[in-house]
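Beneath this line is the structure, given in structure tokens, with notes to follow.
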Amino acid sequence: MFQLAGVTKSYAGRSALGPITLDTLAGRTTVLIGPSGCGKSTLLRLLIGLIEPDAGTVTFDGTPVTPETARPVRRRTGYVIQDGGLFPHLTARGNITLMARHLGWDRARIAARVAELAALTRLPADGLDRYPHQLSGGQRQRVGLMRALMLDPAALLLDEPLGALDPLVRADLQADLRDVFGALGKTVVMVTHDLGEAAFFAARIVLLRDGQVVQEGSPADLWNRPADPFVTRFVQAQRGPQIPQEAT
Amino acid sequence: MTRLAIAALVLLTGCSPDRAGSARPVAVGSKKFTESVILAEMAAQLARQAGTDANREDLGGTPALWLALTQGDIDVYPEYTGTITRQILQADPPDLAAALAAHGVRMSRPLGFRNNYALGMRKDVAAAKGIRYVSDLRAHPDLRLGFIHEFLDRPDGWPGLKPHYGLPQTNVRGMNHTLAYRALVEKAIDVTEVYTTDGEIAQYDLLVLEDDRHFFPAYEAVWLYRADLEDRRPGVVAQLRRLEGRITETDMQRMNARVQEEKANEGQVAAEFLTRTLGAEVSVADESLAARLIKTTGEHLALVVPSLLAAVLVAVPLGVLAARRPALGRGVLGATGVLQTIPSLALLLFMIPVMKFLLDEGTGAPPAVAALFLYSLLPIVRNTYTGLKGIPHSLQESAEALGLTPWAILWRVELPLAAPTILAGVKTAAVINVGTATLGGFIGAGGYGRPILRGIDKFDIPLMLEGAIPAALMALAVEGLFELAERAVARRP
Ligand SMILES: Nc1ncnc2c1ncn2[C@@H]1O[C@H](COP(=O)(O)OP(=O)(O)O)[C@@H](O)[C@H]1O
Ligand SMILES: [Mg+2]
């Protein structure tokens, strides 16, 4: 669905990304992973034309993403960022329906779609009329997801959507998100820095370092066939809980 | 931008170029001193006798009144023959009536008294120096002179008097007429100009120096009125002319003193005189305090509300532009900042010729509204700019990522997010505006400034407070109102 061909991006002469060539899997989930500052968010922004590449091309369904074509691409793509990026002056419902209202959907259609999404994302009914600061972190992410899904986009981009949540809420939401992705069969590109989370979601993981792809493949590939010592270090740095041995 | 502002102002103040229409009340002009106000009151009351509505407008100096009369802002005002020849026409034509008719203006016969310019001194100071005539002043070069500003400018004032007598004094200051009397009594100055009908001459027992070389012309009080007044308002001119030859110098001195010393209301004094002298059943326009307050409050709001609304309509887009285009933004913020550093009174006076040029209306409310408008721009532009610049980048990105158009982003996301900051800017502008609008009193714009300035002129503290206290209360009320609005807008974080 999204294709990057020889894309580079630098800020003030410092390379932030690339050159990079990458395809997303249509109808499947691709997870971008890598240390902080490696260019994951930059890559997502390039996909929907929020920033322009210095070189190379980004295409969506075969159409180049340029300033002129970016808006239709954005309307066919949902985008969720770490804290949800919700507008504080609108209620959850106001946030979710903003774009549909802008496009002139009628009330009934909007209400039906909101109800459908609330059920899908399991947002409590009373959450819809709260302002973002009145919602919990997990609820905010559910609202962010509903907003991204409102127009029934072909693709969904998520930039560390679960980064700031406590472990229980996070596990809950991980499971719900995976169900949603599975139910909808959309093309998903998700950013995380947690390998466990990546393995939980992904058919395919793309590991980035300093703006370059180090390795891409299934979770098993990364564990069992690391491409270089960096991958090994990265895999080993993710540790589960150390349970102290009991003396017998 | 200017064009937009003008359009907004025209729209909001409802100024139309057709001001000489017959539907509006007869407008009587007056200068800013007691005698002129009393005479104008008489004219207004007599015009009402002819069965029409009539308003009094305090417009300030001779040039402003002459302008207002010739362009049809006012219909009539009391003037003095000496002023007509020396200052207005700057000629002494054999046929004064014909010279005035060329300007579409007619003159009544003299009302009876003369209000000549003269120089006045404390009797004891004059006696000590042996001064009785104006020419005696030549021997005392270090006398301190204090004149009103208009006297310092007029050819029949100091600029003519000095060479005519060869006066050597260099210590000459401009000051308010009432203050000049005070200063003279307190010996802060030695000589001031007086009008021979001033109530203060008797009150302070002053010596009026004899004009031994006949410099000052006769200043006989007359009505100046528009030639078309007779056609538009039949009967009004006849009513005005009933006063020809009826007011003596003593009458006028007494009426001036009634207002200056006893703080009587000018309208009341005028009505008493008309009743006594003409047996006229005049409607005394002596409103109650409440009625006066309602009127000045209405006038004040008519200055504040249109100027503020116009400023919001212009300043918010300017602030948006400034936030969008940084180079332009610096220019816009700089320019509105410079406007703010112009002293408010100077800006107000500067707007007189500007509005005369733009709307053909150089007195009253329009220049005041224009000045207040310019003054209100900066706080609103700056806060709009700051409010927009303060929106977190992540929210801007979220809005863009939704696929909203730039206009929709501005309208649905950015402006609502910046609203509390913008509102705070409008509040600041409104509070400044309410205070600054009192200066409108200087150019006849009405509002709370009028009682304040009349109060200063008459040394009438209660009258000053009649303007100052409501102005302060209105500022507080505006502040309170905006705080309520801010709270409503800020329900969210
Ligand atoms: N708007 C920007 N201006 C300057 N540098 C930026 C900007 N956005 C990102 N960068 C830089 O580009 C690099 C990649 O950033 P980013 O894509 O945000 O990384 P990640 O999301 O993987 O943590 C970093 O070095 C970051 O400092
Ligand atoms: Mg990032």
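Order determines the names: the first chain of the structure tokens is A, the second B, and so forth; residues in each chain are numbered 1 upward, and ligands are numbered 1 upward as they are shown.
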Which residues come within 9 Å of range 91-105 of chain A, counting only C-alpha atoms, excluding same-chain residues fewer than 5 positions away, as a list in words?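 Final neighbour list, sorted by chain and number: Arg75, Leu86, Ile110, Ala111, Val114, Gly127, Leu128, Asp129, Arg130, Tyr131, Pro132, Leu135, Arg140, Val143, Gly144, Leu145, Met146, Arg147, Ala148, Leu149, Met150 and Leu151 of chain A; Leu402, Gly403, Leu404, Ala408 and Arg412 of chain B.
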I need the residues from that last selection saved to file as a PDB file, in the first residue's frame (with N, CA and C atoms), if you can.
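The file below, part-v1.pdb, is the result:
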ATOM      1  N   ARG A  75      -6.998  11.487   4.204  1.00  0.00           N
ATOM      2  CA  ARG A  75      -8.379  11.126   4.506  1.00  0.00           C
ATOM      3  C   ARG A  75      -8.600   9.617   4.387  1.00  0.00           C
ATOM      4  N   LEU A  86      -5.446  14.428  20.965  1.00  0.00           N
ATOM      5  CA  LEU A  86      -6.835  14.893  20.971  1.00  0.00           C
ATOM      6  C   LEU A  86      -6.881  16.411  21.185  1.00  0.00           C
ATOM      7  N   ILE A 110     -23.481   9.897  11.195  1.00  0.00           N
ATOM      8  CA  ILE A 110     -22.418  10.125  12.178  1.00  0.00           C
ATOM      9  C   ILE A 110     -22.700   9.315  13.439  1.00  0.00           C
ATOM     10  N   ALA A 111     -23.943   9.399  13.935  1.00  0.00           N
ATOM     11  CA  ALA A 111     -24.288   8.715  15.183  1.00  0.00           C
ATOM     12  C   ALA A 111     -24.085   7.206  15.040  1.00  0.00           C
ATOM     13  N   VAL A 114     -20.368   6.375  15.068  1.00  0.00           N
ATOM     14  CA  VAL A 114     -19.775   6.518  16.396  1.00  0.00           C
ATOM     15  C   VAL A 114     -20.152   5.315  17.267  1.00  0.00           C
ATOM     16  N   GLY A 127     -18.040   7.940  28.150  1.00  0.00           N
ATOM     17  CA  GLY A 127     -16.787   8.609  27.785  1.00  0.00           C
ATOM     18  C   GLY A 127     -16.934   9.565  26.626  1.00  0.00           C
ATOM     19  N   LEU A 128     -17.963   9.345  25.809  1.00  0.00           N
ATOM     20  CA  LEU A 128     -18.075  10.124  24.576  1.00  0.00           C
ATOM     21  C   LEU A 128     -18.278  11.612  24.813  1.00  0.00           C
ATOM     22  N   ASP A 129     -18.941  11.939  25.922  1.00  0.00           N
ATOM     23  CA  ASP A 129     -19.242  13.352  26.133  1.00  0.00           C
ATOM     24  C   ASP A 129     -18.275  14.020  27.104  1.00  0.00           C
ATOM     25  N   ARG A 130     -17.156  13.346  27.376  1.00  0.00           N
ATOM     26  CA  ARG A 130     -16.135  13.961  28.229  1.00  0.00           C
ATOM     27  C   ARG A 130     -15.102  14.664  27.386  1.00  0.00           C
ATOM     28  N   TYR A 131     -14.460  15.643  28.032  1.00  0.00           N
ATOM     29  CA  TYR A 131     -13.317  16.290  27.390  1.00  0.00           C
ATOM     30  C   TYR A 131     -12.080  15.421  27.612  1.00  0.00           C
ATOM     31  N   PRO A 132     -11.079  15.530  26.758  1.00  0.00           N
ATOM     32  CA  PRO A 132      -9.913  14.650  26.862  1.00  0.00           C
ATOM     33  C   PRO A 132      -9.313  14.605  28.269  1.00  0.00           C
ATOM     34  N   LEU A 135     -10.683  12.050  30.656  1.00  0.00           N
ATOM     35  CA  LEU A 135     -10.585  10.629  30.315  1.00  0.00           C
ATOM     36  C   LEU A 135      -9.277  10.047  30.859  1.00  0.00           C
ATOM     37  N   ARG A 140      -8.278   7.696  26.380  1.00  0.00           N
ATOM     38  CA  ARG A 140      -7.835   8.671  25.368  1.00  0.00           C
ATOM     39  C   ARG A 140      -7.339   7.960  24.121  1.00  0.00           C
ATOM     40  N   VAL A 143     -10.221   6.734  22.130  1.00  0.00           N
ATOM     41  CA  VAL A 143     -10.850   7.840  21.388  1.00  0.00           C
ATOM     42  C   VAL A 143      -9.989   8.222  20.189  1.00  0.00           C
ATOM     43  N   GLY A 144      -8.668   8.262  20.399  1.00  0.00           N
ATOM     44  CA  GLY A 144      -7.763   8.576  19.292  1.00  0.00           C
ATOM     45  C   GLY A 144      -7.926   7.573  18.165  1.00  0.00           C
ATOM     46  N   LEU A 145      -8.083   6.323  18.549  1.00  0.00           N
ATOM     47  CA  LEU A 145      -8.255   5.270  17.541  1.00  0.00           C
ATOM     48  C   LEU A 145      -9.596   5.428  16.808  1.00  0.00           C
ATOM     49  N   MET A 146     -10.658   5.768  17.571  1.00  0.00           N
ATOM     50  CA  MET A 146     -11.970   5.979  16.952  1.00  0.00           C
ATOM     51  C   MET A 146     -11.904   7.133  15.954  1.00  0.00           C
ATOM     52  N   ARG A 147     -11.187   8.212  16.352  1.00  0.00           N
ATOM     53  CA  ARG A 147     -11.077   9.353  15.449  1.00  0.00           C
ATOM     54  C   ARG A 147     -10.367   8.931  14.161  1.00  0.00           C
ATOM     55  N   ALA A 148      -9.314   8.109  14.338  1.00  0.00           N
ATOM     56  CA  ALA A 148      -8.558   7.692  13.164  1.00  0.00           C
ATOM     57  C   ALA A 148      -9.390   6.787  12.252  1.00  0.00           C
ATOM     58  N   LEU A 149     -10.321   6.034  12.857  1.00  0.00           N
ATOM     59  CA  LEU A 149     -11.097   5.077  12.070  1.00  0.00           C
ATOM     60  C   LEU A 149     -12.400   5.643  11.523  1.00  0.00           C
ATOM     61  N   MET A 150     -12.745   6.869  11.933  1.00  0.00           N
ATOM     62  CA  MET A 150     -14.075   7.419  11.635  1.00  0.00           C
ATOM     63  C   MET A 150     -14.439   7.308  10.162  1.00  0.00           C
ATOM     64  N   LEU A 151     -13.522   7.685   9.281  1.00  0.00           N
ATOM     65  CA  LEU A 151     -13.856   7.701   7.845  1.00  0.00           C
ATOM     66  C   LEU A 151     -13.618   6.336   7.189  1.00  0.00           C
TER      67      LEU A 151
ATOM     68  N   LEU B 402      -5.552  14.669   9.869  1.00  0.00           N
ATOM     69  CA  LEU B 402      -6.939  14.298   9.603  1.00  0.00           C
ATOM     70  C   LEU B 402      -7.325  14.583   8.163  1.00  0.00           C
ATOM     71  N   GLY B 403      -6.565  15.496   7.527  1.00  0.00           N
ATOM     72  CA  GLY B 403      -6.908  15.858   6.157  1.00  0.00           C
ATOM     73  C   GLY B 403      -7.807  17.075   6.085  1.00  0.00           C
ATOM     74  N   LEU B 404      -7.849  17.861   7.165  1.00  0.00           N
ATOM     75  CA  LEU B 404      -8.615  19.114   7.148  1.00  0.00           C
ATOM     76  C   LEU B 404      -7.908  20.121   6.245  1.00  0.00           C
ATOM     77  N   ALA B 408     -10.170  25.092   7.513  1.00  0.00           N
ATOM     78  CA  ALA B 408     -10.900  24.328   8.522  1.00  0.00           C
ATOM     79  C   ALA B 408     -10.040  24.163   9.769  1.00  0.00           C
ATOM     80  N   ARG B 412     -11.705  25.455  12.963  1.00  0.00           N
ATOM     81  CA  ARG B 412     -12.221  24.436  13.876  1.00  0.00           C
ATOM     82  C   ARG B 412     -11.244  24.079  14.990  1.00  0.00           C
TER      83      ARG B 412
END
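With a cut-off of 8 Å and using only C-alpha atoms and all ligand atoms, the polymer residues contacting ligand 2 are Ser36, Gly37, Gly39, Lys40, Ser41, Thr42, Asp159, Glu160 and Val191 of chain A.
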Include all heavy atoms and write out the residues we just selected as an mmCIF file, in the first residue's frame.
data_model
loop_
_atom_site.group_PDB
_atom_site.id
_atom_site.type_symbol
_atom_site.label_atom_id
_atom_site.label_comp_id
_atom_site.auth_asym_id
_atom_site.auth_seq_id
_atom_site.Cartn_x
_atom_site.Cartn_y
_atom_site.Cartn_z
ATOM 1 N N SER A 36 15.300 5.266 20.238
ATOM 2 C CA SER A 36 14.681 6.572 20.081
ATOM 3 C C SER A 36 15.595 7.484 19.258
ATOM 4 O O SER A 36 16.815 7.428 19.361
ATOM 5 C CB SER A 36 14.371 7.071 21.488
ATOM 6 O OG SER A 36 14.653 8.374 21.630
ATOM 7 N N GLY A 37 15.000 8.254 18.365
ATOM 8 C CA GLY A 37 15.760 9.142 17.484
ATOM 9 C C GLY A 37 16.206 8.483 16.198
ATOM 10 O O GLY A 37 16.892 9.103 15.390
ATOM 11 N N GLY A 39 14.382 7.635 13.675
ATOM 12 C CA GLY A 39 13.667 8.102 12.487
ATOM 13 C C GLY A 39 12.309 7.461 12.273
ATOM 14 O O GLY A 39 11.707 7.623 11.214
ATOM 15 N N LYS A 40 11.764 6.791 13.299
ATOM 16 C CA LYS A 40 10.485 6.095 13.133
ATOM 17 C C LYS A 40 9.347 7.092 12.863
ATOM 18 O O LYS A 40 8.574 6.915 11.915
ATOM 19 C CB LYS A 40 10.165 5.279 14.398
ATOM 20 C CG LYS A 40 11.272 4.299 14.812
ATOM 21 C CD LYS A 40 10.901 3.488 16.032
ATOM 22 C CE LYS A 40 10.777 4.277 17.328
ATOM 23 N NZ LYS A 40 12.045 4.837 17.819
ATOM 24 N N SER A 41 9.274 8.135 13.696
ATOM 25 C CA SER A 41 8.187 9.111 13.496
ATOM 26 C C SER A 41 8.356 9.835 12.178
ATOM 27 O O SER A 41 7.371 10.124 11.477
ATOM 28 C CB SER A 41 8.166 10.118 14.642
ATOM 29 O OG SER A 41 7.978 9.459 15.870
ATOM 30 N N THR A 42 9.607 10.136 11.844
ATOM 31 C CA THR A 42 9.868 10.808 10.573
ATOM 32 C C THR A 42 9.327 9.976 9.421
ATOM 33 O O THR A 42 8.695 10.511 8.496
ATOM 34 C CB THR A 42 11.382 11.027 10.424
ATOM 35 O OG1 THR A 42 11.847 11.789 11.536
ATOM 36 C CG2 THR A 42 11.715 11.752 9.134
ATOM 37 N N ASP A 159 1.747 5.874 16.118
ATOM 38 C CA ASP A 159 3.089 6.231 16.563
ATOM 39 C C ASP A 159 3.175 6.046 18.074
ATOM 40 O O ASP A 159 2.697 6.881 18.841
ATOM 41 C CB ASP A 159 3.397 7.684 16.169
ATOM 42 C CG ASP A 159 4.878 7.994 16.273
ATOM 43 O OD1 ASP A 159 5.618 7.184 16.865
ATOM 44 O OD2 ASP A 159 5.294 9.060 15.774
ATOM 45 N N GLU A 160 3.763 4.966 18.504
ATOM 46 C CA GLU A 160 3.868 4.610 19.922
ATOM 47 C C GLU A 160 2.546 4.841 20.651
ATOM 48 O O GLU A 160 2.475 5.597 21.611
ATOM 49 C CB GLU A 160 4.989 5.416 20.596
ATOM 50 C CG GLU A 160 6.311 5.216 19.862
ATOM 51 C CD GLU A 160 7.512 5.609 20.705
ATOM 52 O OE1 GLU A 160 7.444 5.404 21.927
ATOM 53 O OE2 GLU A 160 8.498 6.098 20.130
ATOM 54 N N VAL A 191 4.422 2.059 15.286
ATOM 55 C CA VAL A 191 5.757 2.305 15.825
ATOM 56 C C VAL A 191 5.774 1.906 17.291
ATOM 57 O O VAL A 191 4.836 2.215 18.033
ATOM 58 C CB VAL A 191 6.126 3.789 15.699
ATOM 59 C CG1 VAL A 191 7.374 4.104 16.518
ATOM 60 C CG2 VAL A 191 6.337 4.170 14.241
#
Return the neighbours of chain A among the residues of chain B, cut-off 6 Å, counting only C-alpha atoms, as a ChimeraX atom specification. /B:395,398,401,403
Tell me, which residues of range 155-204 of chain A carry DSSP alpha helix (DSSP H), written as a CSV table (one decimal) with C-alpha atoms, in the first residue's frame?
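What follows is the written file selection_10.csv:
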chain,number,residue,atom,x,y,z
A,167,PRO,CA,1.2,-2.3,32.2
A,168,LEU,CA,-2.4,-3.6,32.9
A,169,VAL,CA,-4.1,-1.0,30.7
A,170,ARG,CA,-1.5,-1.5,28.1
A,171,ALA,CA,-2.0,-5.3,28.0
A,172,ASP,CA,-5.7,-4.7,27.7
A,173,LEU,CA,-5.4,-2.3,24.9
A,174,GLN,CA,-2.8,-4.4,23.1
A,175,ALA,CA,-5.3,-7.2,23.0
A,176,ASP,CA,-8.1,-5.0,21.9
A,177,LEU,CA,-6.0,-3.3,19.2
A,178,ARG,CA,-4.9,-6.7,17.8
A,179,ASP,CA,-8.6,-7.7,17.7
A,180,VAL,CA,-9.5,-4.5,15.9
A,181,PHE,CA,-6.7,-4.9,13.4
A,182,GLY,CA,-7.7,-8.5,12.8
A,183,ALA,CA,-11.4,-7.7,12.4
A,184,LEU,CA,-10.8,-4.8,10.0
A,195,LEU,CA,10.2,-5.8,21.0
A,196,GLY,CA,7.6,-7.8,23.0
A,197,GLU,CA,4.9,-5.6,21.8
A,198,ALA,CA,6.2,-5.8,18.2
A,199,ALA,CA,6.2,-9.5,18.3
A,200,PHE,CA,2.6,-9.5,19.7
A,201,PHE,CA,1.3,-7.5,16.8
Could you write out, as a ChimeraX atom specification, all the residues of range 129-219 of chain A that DSSP marks as strand (DSSP E or B)? /A:155-159,187-192,204-209,212-217
Which residue out of B:Asp92, B:Glu397, B:Asp212, B:Asp190 has the minimum interatomic distance to ligand 1 when only C-alpha atoms and all ligand atoms are used? B:Glu397
Shell around range 230-237 of chain A at 8 Å using only C-alpha atoms, local window under 2 positions removed, as a PyMOL selection string: chain A and resi 195+214-215+222-223+226-228+239
Would you write out those residues with all heavy atoms, as a tab-separated table (two decimals), in the first residue's frame?
chain	number	residue	atom	x	y	z
A	195	LEU	N	10.09	-4.64	21.88
A	195	LEU	CA	10.15	-5.81	20.99
A	195	LEU	C	9.04	-6.81	21.30
A	195	LEU	O	8.47	-7.43	20.39
A	195	LEU	CB	11.52	-6.49	21.13
A	195	LEU	CG	11.92	-7.40	19.98
A	195	LEU	CD1	11.87	-6.70	18.64
A	195	LEU	CD2	13.32	-7.94	20.23
A	214	VAL	N	17.96	-1.92	9.48
A	214	VAL	CA	19.02	-2.87	9.83
A	214	VAL	C	18.60	-4.29	9.46
A	214	VAL	O	19.37	-5.07	8.94
A	214	VAL	CB	19.32	-2.81	11.34
A	214	VAL	CG1	20.46	-3.74	11.69
A	214	VAL	CG2	19.63	-1.39	11.75
A	215	GLN	N	17.34	-4.59	9.76
A	215	GLN	CA	16.85	-5.93	9.43
A	215	GLN	C	15.34	-5.87	9.33
A	215	GLN	O	14.68	-5.14	10.07
A	215	GLN	CB	17.25	-6.93	10.52
A	215	GLN	CG	16.83	-8.36	10.18
A	215	GLN	CD	17.45	-9.39	11.12
A	215	GLN	OE1	18.10	-9.03	12.11
A	215	GLN	NE2	17.26	-10.66	10.81
A	222	LEU	N	14.33	-12.14	13.74
A	222	LEU	CA	15.17	-11.24	14.54
A	222	LEU	C	15.82	-11.98	15.70
A	222	LEU	O	16.96	-11.73	16.06
A	222	LEU	CB	14.34	-10.05	15.07
A	222	LEU	CG	14.38	-8.79	14.19
A	222	LEU	CD1	13.63	-9.02	12.90
A	222	LEU	CD2	13.85	-7.61	14.97
A	223	TRP	N	15.06	-12.88	16.31
A	223	TRP	CA	15.61	-13.61	17.46
A	223	TRP	C	16.66	-14.62	17.02
A	223	TRP	O	17.74	-14.68	17.57
A	223	TRP	CB	14.48	-14.33	18.22
A	223	TRP	CG	14.09	-13.63	19.48
A	223	TRP	CD1	14.69	-13.77	20.69
A	223	TRP	CD2	13.02	-12.71	19.65
A	223	TRP	NE1	14.07	-12.97	21.62
A	223	TRP	CE2	13.01	-12.30	20.99
A	223	TRP	CE3	12.04	-12.17	18.78
A	223	TRP	CZ2	12.10	-11.40	21.52
A	223	TRP	CZ3	11.14	-11.29	19.30
A	223	TRP	CH2	11.17	-10.90	20.65
A	226	PRO	N	19.79	-12.89	13.76
A	226	PRO	CA	20.09	-11.46	13.78
A	226	PRO	C	21.07	-11.11	12.67
A	226	PRO	O	22.03	-11.84	12.44
A	226	PRO	CB	20.70	-11.24	15.16
A	226	PRO	CG	21.12	-12.58	15.64
A	226	PRO	CD	20.24	-13.58	14.98
A	227	ALA	N	20.80	-9.97	11.98
A	227	ALA	CA	21.61	-9.58	10.84
A	227	ALA	C	22.97	-9.07	11.26
A	227	ALA	O	23.94	-9.19	10.53
A	227	ALA	CB	20.89	-8.52	10.01
A	228	ASP	N	23.05	-8.43	12.42
A	228	ASP	CA	24.36	-7.95	12.87
A	228	ASP	C	24.36	-7.83	14.39
A	228	ASP	O	23.32	-8.03	15.04
A	228	ASP	CB	24.73	-6.64	12.16
A	228	ASP	CG	23.89	-5.47	12.63
A	228	ASP	OD1	23.10	-5.63	13.59
A	228	ASP	OD2	24.02	-4.38	12.05
A	239	ARG	N	14.36	-7.28	28.28
A	239	ARG	CA	14.28	-8.43	29.16
A	239	ARG	C	12.95	-8.50	29.86
A	239	ARG	O	12.30	-7.50	30.13
A	239	ARG	CB	15.43	-8.43	30.17
A	239	ARG	CG	15.54	-7.16	30.99
A	239	ARG	CD	16.57	-7.32	32.11
A	239	ARG	NE	17.15	-6.03	32.44
A	239	ARG	CZ	18.38	-5.68	32.17
A	239	ARG	NH1	19.18	-6.53	31.56
A	239	ARG	NH2	18.83	-4.49	32.51
Which one is closest to Asp460 in chain B: B:Met175, B:Ala264, B:Ala64, B:Val354? Count only C-alpha atoms.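 Nearest to Asp460 in chain B: B:Ala264.
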Distance query Ser218 in chain A at most 6 Å, only C-alpha atoms, self and fewer than 2 positions along chain excluded, as a ChimeraX atom specification: /A:203-205,220-221
Keeping only all heavy atoms, write the selected residues as an mmCIF file, in the first residue's frame.
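Printed below is again.cif as written:
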data_model
loop_
_atom_site.group_PDB
_atom_site.id
_atom_site.type_symbol
_atom_site.label_atom_id
_atom_site.label_comp_id
_atom_site.auth_asym_id
_atom_site.auth_seq_id
_atom_site.Cartn_x
_atom_site.Cartn_y
_atom_site.Cartn_z
ATOM 1 N N ALA A 203 3.257 -9.314 11.814
ATOM 2 C CA ALA A 203 3.682 -10.360 10.917
ATOM 3 C C ALA A 203 5.120 -10.034 10.523
ATOM 4 O O ALA A 203 5.932 -10.917 10.307
ATOM 5 C CB ALA A 203 2.794 -10.359 9.683
ATOM 6 N N ARG A 204 5.386 -8.727 10.445
ATOM 7 C CA ARG A 204 6.688 -8.321 9.981
ATOM 8 C C ARG A 204 7.208 -7.165 10.836
ATOM 9 O O ARG A 204 6.484 -6.215 11.128
ATOM 10 C CB ARG A 204 6.613 -7.864 8.531
ATOM 11 C CG ARG A 204 8.003 -7.636 7.957
ATOM 12 C CD ARG A 204 7.913 -7.399 6.488
ATOM 13 N NE ARG A 204 7.204 -6.162 6.244
ATOM 14 C CZ ARG A 204 7.598 -5.289 5.322
ATOM 15 N NH1 ARG A 204 8.639 -5.530 4.567
ATOM 16 N NH2 ARG A 204 6.917 -4.196 5.134
ATOM 17 N N ILE A 205 8.455 -7.260 11.227
ATOM 18 C CA ILE A 205 9.084 -6.207 12.010
ATOM 19 C C ILE A 205 10.171 -5.577 11.162
ATOM 20 O O ILE A 205 10.903 -6.265 10.455
ATOM 21 C CB ILE A 205 9.708 -6.782 13.303
ATOM 22 C CG1 ILE A 205 8.601 -7.355 14.210
ATOM 23 C CG2 ILE A 205 10.495 -5.720 14.048
ATOM 24 C CD1 ILE A 205 9.120 -7.986 15.474
ATOM 25 N N ALA A 220 10.588 -14.118 14.668
ATOM 26 C CA ALA A 220 11.503 -15.263 14.813
ATOM 27 C C ALA A 220 12.830 -14.994 14.104
ATOM 28 O O ALA A 220 13.900 -15.320 14.621
ATOM 29 C CB ALA A 220 10.842 -16.519 14.264
ATOM 30 N N ASP A 221 12.749 -14.329 12.934
ATOM 31 C CA ASP A 221 13.980 -14.002 12.212
ATOM 32 C C ASP A 221 14.920 -13.165 13.074
ATOM 33 O O ASP A 221 16.119 -13.404 13.135
ATOM 34 C CB ASP A 221 13.672 -13.217 10.933
ATOM 35 C CG ASP A 221 13.006 -14.101 9.877
ATOM 36 O OD1 ASP A 221 13.192 -15.335 9.957
ATOM 37 O OD2 ASP A 221 12.317 -13.552 9.006
#
